[in-house]
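One file, protein25.txt, carrying compact mmCIF, C-alpha atoms:
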# COMPACT_ATOMS: atom_id res chain seq x y z
CA MET P 1 -41.14 103.40 -55.92
CA THR P 2 -44.83 102.67 -55.45
CA LEU P 3 -44.30 102.74 -51.68
CA VAL P 4 -42.63 106.16 -51.93
CA LEU P 5 -45.68 107.36 -53.88
CA ALA P 6 -47.98 105.74 -51.30
CA ILE P 7 -46.27 107.70 -48.53
CA ALA P 8 -46.12 110.98 -50.47
CA ILE P 9 -49.70 110.97 -51.82
CA GLY P 10 -51.15 109.43 -48.65
CA ALA P 11 -49.48 112.01 -46.41
CA ALA P 12 -50.61 114.85 -48.69
CA PHE P 13 -54.18 113.50 -48.63
CA GLY P 14 -54.20 113.28 -44.82
CA PHE P 15 -52.69 116.74 -44.46
CA VAL P 16 -55.25 118.32 -46.82
CA LEU P 17 -58.18 116.44 -45.21
CA ASP P 18 -57.17 117.92 -41.87
CA ARG P 19 -56.70 121.45 -43.26
CA ILE P 20 -60.12 121.56 -44.93
CA GLY P 21 -61.78 120.58 -41.65
CA ALA P 22 -62.86 117.12 -42.80
CA THR P 23 -61.30 115.41 -39.77
CA ASN P 24 -63.43 117.60 -37.49
CA PRO P 25 -66.89 116.12 -36.72
CA ASN P 26 -68.20 119.62 -35.92
CA VAL P 27 -67.49 120.61 -39.53
CA ILE P 28 -68.96 117.37 -40.98
CA ILE P 29 -72.16 117.72 -38.96
CA GLY P 30 -72.28 121.45 -39.76
CA MET P 31 -72.31 120.45 -43.44
CA LEU P 32 -74.83 117.61 -43.13
CA THR P 33 -77.25 119.78 -41.13
CA LEU P 34 -76.83 122.36 -43.96
CA ARG P 35 -75.71 124.98 -41.43
CA ARG P 36 -72.21 125.51 -42.84
CA LEU P 37 -71.54 124.46 -46.41
CA ASN P 38 -67.88 125.45 -46.64
CA LEU P 39 -66.80 121.80 -46.70
CA MET P 40 -69.44 121.01 -49.34
CA LYS P 41 -68.04 123.81 -51.50
CA THR P 42 -64.53 122.42 -50.95
CA ILE P 43 -65.60 118.89 -51.97
CA LEU P 44 -67.44 120.06 -55.10
CA LEU P 45 -64.50 122.22 -56.15
CA ALA P 46 -62.13 119.28 -55.56
CA ILE P 47 -64.19 116.89 -57.69
CA GLY P 48 -64.41 119.51 -60.45
CA THR P 49 -60.69 120.32 -60.28
CA GLY P 50 -59.72 116.64 -60.29
CA SER P 51 -62.02 115.92 -63.22
CA ILE P 52 -60.81 118.81 -65.36
CA LEU P 53 -57.14 117.99 -64.69
CA MET P 54 -57.58 114.27 -65.37
CA PHE P 55 -59.71 114.48 -68.51
CA GLY P 56 -57.79 117.53 -69.76
CA GLY P 57 -54.55 115.60 -69.27
CA GLN P 58 -55.99 112.65 -71.17
CA LEU P 59 -57.00 114.87 -74.09
CA LEU P 60 -53.46 116.26 -74.24
CA GLY P 61 -52.03 112.73 -73.98
CA LEU P 62 -50.29 113.52 -70.69
CA VAL P 63 -52.39 111.27 -68.46
CA ASP P 64 -52.57 107.50 -68.87
CA VAL P 65 -56.22 106.56 -69.42
CA GLY P 66 -55.35 103.09 -68.11
CA HIS P 67 -54.99 104.55 -64.60
CA MET P 68 -58.74 105.09 -64.39
CA SER P 69 -60.51 102.62 -62.13
CA VAL P 70 -64.29 102.64 -62.37
CA LYS P 71 -66.35 100.72 -59.83
CA ALA P 72 -69.38 98.63 -60.78
CA ALA P 73 -72.94 99.94 -60.42
CA TYR P 74 -75.39 97.59 -58.65
CA ALA P 75 -78.34 97.97 -56.28
CA GLY P 76 -76.06 97.37 -53.28
CA VAL P 77 -74.18 100.58 -54.10
CA PHE P 78 -77.31 102.57 -53.26
CA ILE P 79 -78.19 100.48 -50.16
CA GLY P 80 -74.59 100.69 -48.94
CA GLY P 81 -74.64 104.44 -49.58
CA LEU P 82 -77.75 104.80 -47.41
CA LEU P 83 -76.13 102.82 -44.57
CA LEU P 84 -72.95 104.83 -44.84
CA GLY P 85 -74.95 108.06 -44.80
CA VAL P 86 -76.65 107.19 -41.49
CA GLY P 87 -73.39 106.37 -39.72
CA TRP P 88 -71.56 109.28 -41.33
CA ALA P 89 -74.09 111.77 -39.94
CA ALA P 90 -74.50 110.08 -36.54
CA ALA P 91 -70.77 109.87 -35.81
CA GLY P 92 -69.45 112.74 -37.94
CA TYR P 93 -66.79 110.64 -39.66
CA CYS P 94 -66.35 108.69 -42.88
CA PRO P 95 -63.69 105.96 -43.10
CA GLY P 96 -60.80 108.12 -44.28
CA THR P 97 -61.50 111.15 -42.12
CA ALA P 98 -61.93 108.93 -39.03
CA ILE P 99 -58.45 107.46 -39.49
CA GLY P 100 -57.06 110.98 -39.82
CA ALA P 101 -59.06 112.24 -36.84
CA ALA P 102 -57.98 109.27 -34.70
CA ALA P 103 -54.37 110.20 -35.47
CA THR P 104 -55.04 113.75 -34.27
CA GLY P 105 -56.17 112.39 -30.90
CA ARG P 106 -59.96 112.35 -31.17
CA ARG P 107 -61.10 109.45 -28.99
CA GLY P 108 -64.47 109.05 -30.70
CA ALA P 109 -62.67 108.63 -34.03
CA LEU P 110 -60.46 105.87 -32.66
CA ILE P 111 -63.54 104.04 -31.38
CA TYR P 112 -65.22 104.61 -34.75
CA VAL P 113 -62.26 102.92 -36.49
CA VAL P 114 -62.58 99.92 -34.15
CA GLY P 115 -66.32 99.80 -34.91
CA GLY P 116 -65.42 100.01 -38.59
CA LEU P 117 -63.11 97.01 -38.34
CA PHE P 118 -65.99 95.03 -36.83
CA GLY P 119 -68.39 96.31 -39.50
CA ALA P 120 -66.00 95.30 -42.29
CA ALA P 121 -65.59 91.87 -40.65
CA ALA P 122 -69.37 91.51 -40.44
CA TYR P 123 -69.60 92.20 -44.16
CA MET P 124 -66.91 89.61 -44.89
CA ALA P 125 -69.00 87.09 -42.94
CA THR P 126 -72.31 87.99 -44.61
CA TYR P 127 -71.00 88.51 -48.16
CA PRO P 128 -72.35 85.15 -49.48
CA MET P 129 -75.86 86.24 -48.49
CA TRP P 130 -75.60 89.50 -50.46
CA LYS P 131 -74.04 87.67 -53.39
CA ALA P 132 -76.92 85.17 -53.45
CA SER P 133 -79.53 87.94 -53.20
CA GLY P 134 -78.64 89.32 -56.62
CA LEU P 135 -78.20 92.83 -55.19
CA LEU P 136 -74.54 92.74 -56.21
CA ASP P 137 -75.39 92.01 -59.85
CA ASP P 138 -74.46 94.73 -62.34
CA ILE P 139 -77.08 97.27 -63.38
CA ALA P 140 -76.84 99.58 -66.39
CA GLY P 141 -73.70 97.81 -67.60
CA GLY P 142 -71.84 97.69 -64.26
CA LYS P 143 -68.47 99.39 -64.66
CA VAL P 144 -69.61 102.28 -66.81
CA THR P 145 -68.87 105.97 -67.15
CA LEU P 146 -71.44 108.57 -68.21
CA GLY P 147 -69.76 109.14 -71.57
CA ALA P 148 -67.46 106.74 -73.43
CA VAL P 149 -63.89 107.72 -72.51
CA PRO P 150 -61.57 107.17 -75.51
CA GLY P 151 -59.00 104.45 -74.85
CA SER P 152 -60.57 103.33 -71.58
CA ALA P 153 -61.74 99.83 -70.69
CA TYR P 154 -65.21 101.11 -69.74
CA GLU P 155 -68.40 101.54 -71.72
CA GLY P 156 -70.25 104.85 -71.68
CA ILE P 157 -73.97 104.94 -70.94
CA TRP P 158 -74.38 107.91 -73.28
CA THR P 159 -72.86 108.22 -76.72
CA VAL P 160 -70.95 111.40 -75.99
CA GLN P 161 -67.19 111.65 -75.85
CA GLY P 162 -66.37 110.85 -72.22
CA ASP P 163 -63.34 113.06 -71.73
CA LEU P 164 -65.13 116.13 -73.08
CA LEU P 165 -68.16 115.32 -70.93
CA GLY P 166 -65.83 114.91 -67.94
CA ILE P 167 -64.38 118.38 -68.47
CA ALA P 168 -67.87 119.86 -68.90
CA LEU P 169 -69.15 118.16 -65.74
CA GLY P 170 -65.99 119.23 -63.93
CA ALA P 171 -66.81 122.82 -64.87
CA VAL P 172 -70.36 122.30 -63.55
CA PHE P 173 -68.98 121.06 -60.21
CA VAL P 174 -66.74 124.13 -59.99
CA ALA P 175 -69.64 126.45 -60.86
CA VAL P 176 -71.93 124.84 -58.27
CA ALA P 177 -69.15 125.10 -55.67
CA PHE P 178 -69.01 128.87 -56.24
CA ALA P 179 -72.79 129.29 -56.48
CA LEU P 180 -73.61 127.38 -53.29
CA PRO P 181 -74.21 129.70 -50.33
CA GLN P 182 -72.16 129.28 -47.16
CA ARG P 183 -75.30 128.23 -45.30
CA LEU P 184 -78.89 127.18 -46.01
CA THR P 185 -80.39 126.90 -42.51
CA GLY P 186 -79.64 127.94 -38.94
CA ASP P 187 -78.74 131.36 -37.60
CA ALA P 188 -76.89 133.87 -39.70
CA THR P 189 -73.79 134.30 -37.56
CA GLY P 190 -71.80 131.70 -39.47
CA ARG P 191 -69.68 131.06 -36.41
CA LEU P 192 -67.37 128.09 -36.40
CA PRO P 193 -67.21 125.87 -33.33
CA ALA P 194 -63.89 125.85 -31.51
CA GLU P 195 -61.45 123.25 -32.74
CA MET L 1 -56.14 127.11 -39.29
CA THR L 2 -58.78 125.73 -41.65
CA TRP L 3 -58.04 126.78 -45.22
CA ASP L 4 -60.29 128.94 -47.34
CA TRP L 5 -62.56 126.58 -49.29
CA ARG L 6 -61.12 127.70 -52.65
CA LEU L 7 -57.56 126.82 -51.62
CA GLY L 8 -58.72 123.60 -49.94
CA GLY L 9 -60.82 122.52 -52.91
CA VAL L 10 -58.06 123.09 -55.46
CA LEU L 11 -55.46 121.29 -53.32
CA LEU L 12 -57.79 118.37 -52.51
CA GLY L 13 -58.58 118.06 -56.21
CA ALA L 14 -54.86 118.19 -57.00
CA VAL L 15 -54.22 115.29 -54.61
CA PHE L 16 -56.96 113.18 -56.22
CA PHE L 17 -55.52 114.06 -59.64
CA ALA L 18 -51.95 113.23 -58.58
CA ALA L 19 -53.12 109.83 -57.34
CA VAL L 20 -54.77 108.91 -60.65
CA LEU L 21 -51.90 110.42 -62.67
CA LEU L 22 -49.16 108.52 -60.85
CA VAL L 23 -50.84 105.35 -59.54
CA LYS L 24 -54.61 104.89 -59.30
CA PRO L 25 -57.69 106.59 -57.81
CA ILE L 26 -57.78 107.10 -54.03
CA GLY L 27 -59.78 104.69 -51.88
CA VAL L 28 -59.70 103.91 -48.17
CA SER L 29 -62.41 101.54 -46.95
CA THR L 30 -60.95 98.34 -48.48
CA GLN L 31 -58.05 98.64 -46.05
CA PHE L 32 -60.38 97.94 -43.11
CA VAL L 33 -60.96 94.53 -44.70
CA ILE L 34 -57.23 94.05 -45.29
CA LEU L 35 -56.42 94.80 -41.62
CA ASP L 36 -59.21 92.45 -40.50
CA ALA L 37 -57.76 89.73 -42.72
CA ILE L 38 -54.22 90.28 -41.41
CA VAL L 39 -55.56 89.80 -37.86
CA ALA L 40 -57.71 86.81 -38.89
CA ASP L 41 -54.71 85.15 -40.52
CA VAL L 42 -52.68 85.53 -37.31
CA VAL L 43 -55.49 84.04 -35.19
CA THR L 44 -56.39 81.35 -37.76
CA PRO L 45 -53.24 80.64 -39.81
CA ASP L 46 -55.17 78.86 -42.60
CA PHE L 47 -57.34 81.94 -43.26
CA ILE L 48 -55.15 82.97 -46.21
CA THR L 49 -53.31 80.34 -48.23
CA ARG L 50 -51.03 80.40 -51.27
CA THR L 51 -52.20 78.93 -54.54
CA ALA L 52 -50.21 78.12 -57.66
CA ASP L 53 -50.77 81.61 -59.07
CA GLY L 54 -51.50 83.79 -56.04
CA TYR L 55 -53.55 83.66 -52.86
CA THR L 56 -56.96 82.52 -51.69
CA SER L 57 -58.90 82.43 -48.42
CA THR L 58 -61.45 80.34 -46.55
CA ASN L 59 -63.58 83.53 -46.59
CA ALA L 60 -65.53 83.99 -49.83
CA TYR L 61 -65.16 87.78 -49.79
CA MET L 62 -61.38 87.57 -49.41
CA ALA L 63 -61.16 84.94 -52.13
CA LYS L 64 -63.20 86.85 -54.73
CA SER L 65 -61.55 88.39 -57.82
CA ASN L 66 -58.90 85.61 -57.82
CA GLY L 67 -57.88 86.31 -54.24
CA LYS L 68 -56.95 89.97 -54.78
CA TYR L 69 -57.78 90.98 -51.19
CA ALA L 70 -56.18 87.79 -49.82
CA GLY L 71 -52.98 88.67 -51.67
CA ASN L 72 -52.96 92.23 -50.32
CA ALA L 73 -53.47 90.98 -46.76
CA ALA L 74 -50.64 88.48 -47.21
CA ASN L 75 -48.38 91.34 -48.36
CA PRO L 76 -49.34 94.37 -46.25
CA LEU L 77 -46.46 96.47 -47.62
CA ASN L 78 -48.55 97.28 -50.68
CA TYR L 79 -49.49 100.69 -52.08
CA SER L 80 -53.05 100.95 -50.74
CA PHE L 81 -52.28 99.86 -47.19
CA ILE L 82 -49.22 102.11 -46.82
CA PHE L 83 -51.26 104.94 -48.37
CA VAL L 84 -53.76 104.76 -45.48
CA LEU L 85 -51.02 104.69 -42.83
CA ALA L 86 -49.37 107.71 -44.47
CA MET L 87 -52.74 109.48 -44.54
CA ALA L 88 -52.97 109.15 -40.74
CA ALA L 89 -49.44 110.56 -40.42
CA GLY L 90 -50.29 113.49 -42.71
CA ALA L 91 -53.35 114.42 -40.65
CA LEU L 92 -51.27 114.23 -37.46
CA VAL L 93 -48.55 116.51 -38.89
CA SER L 94 -51.16 119.04 -40.01
CA THR L 95 -52.75 119.10 -36.55
CA LEU L 96 -49.41 119.34 -34.74
CA LEU L 97 -48.36 122.27 -36.97
CA LYS L 98 -51.50 124.16 -35.97
CA GLY L 99 -50.87 123.48 -32.30
CA GLY L 100 -53.04 120.40 -31.77
CA ILE L 101 -56.70 120.22 -30.81
CA GLY L 102 -57.75 120.88 -27.23
CA GLN L 103 -58.12 118.21 -24.57
CA GLN L 104 -61.88 118.85 -24.30
CA GLU L 105 -62.43 118.57 -28.04
CA ARG L 106 -60.42 115.34 -28.22
CA ARG L 107 -62.63 113.90 -25.51
CA LEU L 108 -65.92 115.11 -26.95
CA PRO L 109 -66.66 117.26 -30.05
CA ALA L 110 -68.39 120.61 -29.37
CA VAL L 111 -71.44 119.71 -31.47
CA TRP L 112 -72.04 116.61 -29.35
CA ARG L 113 -71.75 118.64 -26.12
CA ALA L 114 -74.20 121.23 -27.45
CA ASN L 115 -76.82 118.55 -28.16
CA PHE L 116 -76.27 115.83 -25.57
CA GLY L 117 -74.26 117.49 -22.79
CA ASP L 118 -71.16 116.01 -21.23
CA THR L 119 -71.92 112.39 -22.14
CA PRO L 120 -68.69 110.98 -23.60
CA TRP L 121 -69.69 107.32 -23.27
CA LYS L 122 -72.86 107.91 -25.26
CA HIS L 123 -70.72 109.58 -27.93
CA TYR L 124 -68.30 106.66 -27.97
CA ALA L 125 -71.17 104.18 -28.30
CA VAL L 126 -72.60 106.16 -31.24
CA ALA L 127 -69.11 106.39 -32.76
CA PHE L 128 -68.66 102.61 -32.50
CA ALA L 129 -72.08 101.92 -34.03
CA GLY L 130 -71.49 104.60 -36.65
CA GLY L 131 -68.16 103.08 -37.67
CA PHE L 132 -69.75 99.64 -37.83
CA VAL L 133 -72.64 100.76 -40.07
CA VAL L 134 -70.42 102.94 -42.28
CA LEU L 135 -67.88 100.22 -43.02
CA TYR L 136 -70.57 97.58 -43.49
CA GLY L 137 -72.29 99.93 -45.94
CA ALA L 138 -69.04 100.92 -47.65
CA ARG L 139 -68.11 97.29 -48.28
CA LEU L 140 -71.61 96.53 -49.55
CA ALA L 141 -71.34 99.54 -51.87
CA GLY L 142 -67.77 98.67 -52.88
CA GLY L 143 -66.28 101.97 -51.71
CA CYS L 144 -66.68 104.97 -49.44
CA THR L 145 -66.63 108.74 -49.62
CA SER L 146 -63.10 108.69 -51.10
CA GLY L 147 -63.40 105.84 -53.58
CA HIS L 148 -66.99 106.20 -54.72
CA MET L 149 -67.95 109.82 -54.14
CA MET L 150 -64.70 111.68 -54.83
CA SER L 151 -62.73 109.37 -57.14
CA GLY L 152 -65.91 107.98 -58.70
CA MET L 153 -67.69 111.23 -59.59
CA MET L 154 -64.37 112.73 -60.70
CA GLN L 155 -64.10 109.90 -63.28
CA THR L 156 -67.80 110.33 -64.24
CA SER L 157 -68.54 106.79 -63.09
CA LEU L 158 -72.23 105.96 -62.75
CA SER L 159 -71.65 104.09 -59.47
CA GLY L 160 -70.18 107.22 -57.86
CA TYR L 161 -73.38 109.16 -58.53
CA ILE L 162 -75.59 106.32 -57.24
CA PHE L 163 -73.49 106.12 -54.09
CA ALA L 164 -73.46 109.88 -53.44
CA LEU L 165 -77.24 110.03 -53.88
CA GLY L 166 -77.76 107.27 -51.29
CA ALA L 167 -75.24 108.72 -48.85
CA PHE L 168 -76.65 112.27 -48.81
CA LEU L 169 -80.26 111.04 -48.88
CA ALA L 170 -79.62 109.28 -45.56
CA ALA L 171 -77.03 111.60 -44.03
CA VAL L 172 -78.87 114.93 -44.18
CA PRO L 173 -82.10 113.77 -42.44
CA THR L 174 -80.07 111.83 -39.86
CA ALA L 175 -77.95 114.89 -39.07
CA LEU L 176 -80.98 117.21 -38.91
CA PHE L 177 -82.79 114.79 -36.61
CA MET L 178 -79.89 114.13 -34.25
CA TYR L 179 -78.19 117.52 -34.07
CA ARG L 180 -80.90 120.15 -33.52
CA GLU L 181 -78.49 122.49 -31.70
CA ASP L 182 -75.55 124.05 -33.50
Show me the file's structure as structure tokens.
Amino acid sequence: MTLVLAIAIGAAFGFVLDRIGATNPNVIIGMLTLRRLNLMKTILLAIGTGSILMFGGQLLGLVDVGHMSVKAAYAGVFIGGLLLGVGWAAAGYCPGTAIGAAATGRRGALIYVVGGLFGAAAYMATYPMWKASGLLDDIAGGKVTLGAVPGSAYEGIWTVQGDLLGIALGAVFVAVAFALPQRLTGDATGRLPAE
Amino acid sequence: MTWDWRLGGVLLGAVFFAAVLLVKPIGVSTQFVILDAIVADVVTPDFITRTADGYTSTNAYMAKSNGKYAGNAANPLNYSFIFVLAMAAGALVSTLLKGGIGQQERRLPAVWRANFGDTPWKHYAVAFAGGFVVLYGARLAGGCTSGHMMSGMMQTSLSGYIFALGAFLAAVPTALFMYRED
């Protein structure tokens, strides 16, 4: 049953990633150069929608709080984010969109995935060094959410009710998605490069 | 072709919600490690070994968290690995239904050609290095755009916000510096 879900949700994710333009490096670079923010609006709306549905479902008792999986906060999260940001902008792919783009026939994406396999292997080899450095040690409580989510295994860093805060933040993401202009820089034509 | 951002955003959010409703939050970058480990275990058969209550590995990263990654690599037919394979298939179906992407675009994206001319090998070198740095960074961070940024911020996790801040802080200047032409 879990494998049926893996296929169904995975295929839906790949399909949607392709339809929002996320597998297209022209769209990714258009977003990161702030020339075309359509994809940014899509991402913000998605986070907001997901948040409202999940926390709303929890409040109504329809969604199992135990399915949440919160990752730990540590200094390496920020350093890793910086590294990822450089490669994301240079190549125009993140790990998931590159796999999708490679499947659609983009040669650069296939090579990116091979590079990614080497990068992941390099991290496996150098993990003891990071571990010893202390940069993987928890900060601010490690696996924490912004508010305390009732029934969850995670602490909240603020003493507000986490599910209500989640719905409120979800609404903020949706509002920002609508408020964000289509473009911040570049010419005003708003043309999309050929796919 | 590409959906309106409102439709795309709601459907993408619905997929992330469905994942956490039915199974667990979406994540992708761990599966690069799992595939590496599957290959490593074929080349070096003692890379992953069984223990009394699970699996372990000669590699410290694979062995951490009681050999969770080692166990997944030993049993590739698990949810997260199949999820990523299905994701590739979903993207392919979407592209085929819209008639595929052109030969030229598959060889070299338009934005690269506008900035660096017809230099596919340079693009492939940057793509290789980009993939390397991204996956190294994602493993250091413990997740990527899917797991940290999307799933993380959706769950209001602090780590998701820290990750997104780092990623955009580096990505926007890099993109502005490299891609001056639209």
_Please report the interatomic distance between CA of Ile111 (chain P) and CA of Arg36 (chain P) in Å with one decimal._
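These two atoms are separated by 25.8 Å.
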*Excluding Ala164 (chain L) and residues on its chain fewer than 4 positions from it, collect all residues at most 8 Å away from it, counting only C-alpha atoms, and give them as a list in words.*
Gly81 of chain P; Thr145, His148, Met149, Gly160 and Phe168 of chain L
*For each of P:Ile99, P:Ala132, P:Ala22, P:Leu164, take the minimum atom-to-atom distance to chain L, counting only C-alpha atoms, then give the residue where this is smallest.*
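Nearest candidate to chain L out of P:Ile99, P:Ala132, P:Ala22, P:Leu164: P:Ile99.
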*Just the residues within 8 Å of region 55-60 of chain L, please, counting all atoms listed in the file, with nothing from its chain fewer than 4 positions along; format it as a PyMOL selection string.*
(chain P and resi 124-125+127-128) or (chain L and resi 46-51+64+66-68+70-71+74)
*asked:* If we draw a sphere of 7 Å around (-71.8, 96.0, -43.7), which residues have at least one atom in it when counting only C-alpha atoms? Please report them as a list in words.
replied: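 In the file's frame, the residues around the point are Gly119, Ala120, Ala122 and Tyr123 of chain P; Val133, Leu135, Tyr136, Gly137, Ala138, Arg139 and Leu140 of chain L.
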_For region 76-84 of chain L: contacts at 12 Å, all atoms listed in the file, fewer than 6 positions along chain excluded, given as a PyMOL selection string_ = (chain P and resi 1-14+95-100+103) or (chain L and resi 19+22-39+68-70+90-91+146-147)
*Give me the residues within 7 Å of region 138-152 of chain P as number ranges by chain, counting only C-alpha atoms and dropping any in the same chain fewer than 3 places off.*
P: 65-66, 70-74, 155-163, 165; L: 156-158
*Two-atom distance - CA of Ile167 (chain P), CA of Ser51 (chain P) (Å)*: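 The value is 6.3 Å.
Of the listed residues (P:Gly92, P:Gly56, P:Gly50, P:Gly166), P:Gly92 comes nearest to Asn26 (chain P); the distances count all atoms listed in the file.
One distance worth recording is that between CA of Thr2 (chain L) and CA of Pro173 (chain L), which is 26.2 Å.
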*Find, counting only C-alpha atoms, the residue in P:Trp88, P:Tyr112, P:Phe15, P:Tyr93 that gets nearest to Leu11 (chain L).*
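When distances to Leu11 (chain L) are compared using only C-alpha atoms, the smallest one comes from P:Phe15.
Contact shell of Phe17 (chain L) at 7 Å (all atoms listed in the file; same-chain neighbours under 2 positions omitted): P:Gly50, P:Leu53, P:Met54, L:Gly13, L:Ala14, L:Val15, L:Ala19, L:Val20, L:Leu21.
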*Pick from L:Phe116, L:Tyr179, L:Phe128, L:Trp121 nearest to chain P, counting all atoms listed in the file*: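 When distances to chain P are compared using all atoms listed in the file, the smallest one comes from L:Phe128.
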